[in-house]
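First comes the structure, then the notes that go with it.
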Amino acid sequence: MELTSEFRTLFILRKISGFIFLLAICCLLMNMGFVRNEWVIILISLIILAISFIILKNDIRKIYKIRVVKNGILKIPIFINKEKLILFSDIKEVRLEKVEGMSSDAGEITLGYYETILILKTNEKILISPDHFENYKEIMKTIKLNQNSQYN
């Protein structure tokens with residue numbers, strides 16, 4: 001059985017929202033700098049924008065899709081066309097970790113959730129989280145089914 005992960009919209013939005021916010025602030029500051037003819041404000045805005053772009057670029061490089069195939073898991077980075085096959089035999093440990101929920105004075109906002117960390121024999125960690133993937137439960141079921149069928 002094969003299955004491809006589906007990103008949560010809020011996950012992608014959260015990844016780029018900081019950059020969009022800094023872009024808006026920098027545009028306002030540069031506009032103010034041009035109006036007042038203050039080049040220091042424009043230069044500082046451009047430096048902040050360049051730093052935030054570098055951070056966004058590094059953050060986006062870490063985003064990947066997962067495709068569960070019969071003999072393993074394909075890890076597919078979004079912007080780099082370089083698939084990596086992880087065989088089920090390369091998985092040393094499957095760890096389930098609880099992400100604590102949030103609460104306020106009025107009560108609990110969220111209860112939290114569990115995410116799965118696959119630890120490979122090379123000690124590389126692969127995160128499979130319901131915060132990232134809309135079809136997290138289906139991904140985990142498919143991994144377990146394919147892993148069990150391979151060992152039987």
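Quick note on naming: the chains in the structure tokens go A, B, ... in the order shown, residues restart at 1 in each chain, and ligands are numbered from 1 in order of appearance.
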
- prompt: What's the 12 Å shell around A:Glu138, counting only C-alpha atoms, without same-chain residues fewer than 2 positions away, as number ranges by chain?
  reply: A: 1-6, 66-68, 128-130, 133-136, 140-145

task: May I have the residues within 9 Å of A:Arg95 as a VMD selection string, using only C-alpha atoms and disregarding those fewer than 2 positions away in the same chain?
output: chain A and resid 93 97 115 to 119

field: Backbone DSSP call of helix (DSSP H, G or I) for stretch 1-135 of chain A, listed as a ChimeraX atom specification
entry: /A:9-36,39-61,88-90

- request: Give me the residues within 7 Å of stretch 41-45 of chain A as a ChimeraX atom specification, counting only C-alpha atoms and dropping any in the same chain fewer than 5 places off.
  value: /A:26,29-30,33

- request: Report as a PyMOL selection string: the residues of stretch 31-134 of chain A with a DSSP assignment of strand (DSSP E or B), based on the backbone of this structure.
  value: chain A and resi 64-69+72-77+84-87+91-100+103-104+107-108+112-120+125-128+133

Within 9 Å of A:Lys121 using only C-alpha atoms, minus same-chain residues under 6 positions, as a tab-separated table (two decimals) with N, CA and C atoms, in the first residue's frame:
```
chain	number	residue	atom	x	y	z
A	89	SER	N	14.06	-1.53	7.27
A	89	SER	CA	15.14	-2.17	8.04
A	89	SER	C	16.15	-1.15	8.57
A	90	ASP	N	16.15	0.07	8.02
A	90	ASP	CA	17.05	1.13	8.50
A	90	ASP	C	16.51	1.86	9.71
A	91	ILE	N	15.26	1.59	10.08
A	91	ILE	CA	14.65	2.26	11.23
A	91	ILE	C	15.05	1.52	12.51
A	92	LYS	N	15.75	2.21	13.38
A	92	LYS	CA	16.21	1.61	14.62
A	92	LYS	C	15.13	1.67	15.70
A	93	GLU	N	14.41	2.80	15.74
A	93	GLU	CA	13.43	3.00	16.80
A	93	GLU	C	12.32	3.92	16.31
```

message: Please list as a list in words every residue within 10 Å of A:Lys62, counting only C-alpha atoms and excluding residues in the same chain fewer than 6 positions away.
response: Pro77, Ile78 and Phe79 of chain A

Save out the residues we just selected, N, CA, C and O atoms, as a tab-separated table (two decimals), in the first residue's frame.
```tsv
chain	number	residue	atom	x	y	z
A	77	PRO	N	12.20	16.32	-0.07
A	77	PRO	CA	12.25	17.75	0.22
A	77	PRO	C	11.42	18.53	-0.82
A	77	PRO	O	11.38	18.17	-1.99
A	78	ILE	N	10.77	19.58	-0.36
A	78	ILE	CA	9.84	20.33	-1.23
A	78	ILE	C	10.56	21.01	-2.39
A	78	ILE	O	10.15	20.89	-3.54
A	79	PHE	N	11.62	21.74	-2.13
A	79	PHE	CA	12.24	22.55	-3.17
A	79	PHE	C	13.49	21.92	-3.78
A	79	PHE	O	14.06	22.46	-4.70
```

- prompt: Quick one: of A:Lys75, A:Lys15, A:Lys137, A:Arg36, who's nearest to A:Leu56, counting only C-alpha atoms?
  reply: A:Lys15

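Proximity to A:Asn58 was assessed for A:Ile16, A:Thr122, A:Leu111, A:Ile86 counting only C-alpha atoms; the smallest distance is recorded for A:Ile16.
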
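Among the candidates A:Glu83, A:Tyr114, A:Phe88, A:Phe53, the residue lying nearest to A:Glu100 is A:Tyr114 (atoms considered: only C-alpha atoms).
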
- request: With a distance cut-off of 12 Å and only C-alpha atoms, select the neighbouring residues of A:Asn81, excluding the residue or stretch itself and same-chain residues fewer than 6 positions from it, and output the selection as a PyMOL selection string.
  value: chain A and resi 61+64-65+74-75

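Relative to atom CA of A:Gly72, atom CA of A:Arg14 is found at 29.3 Å.
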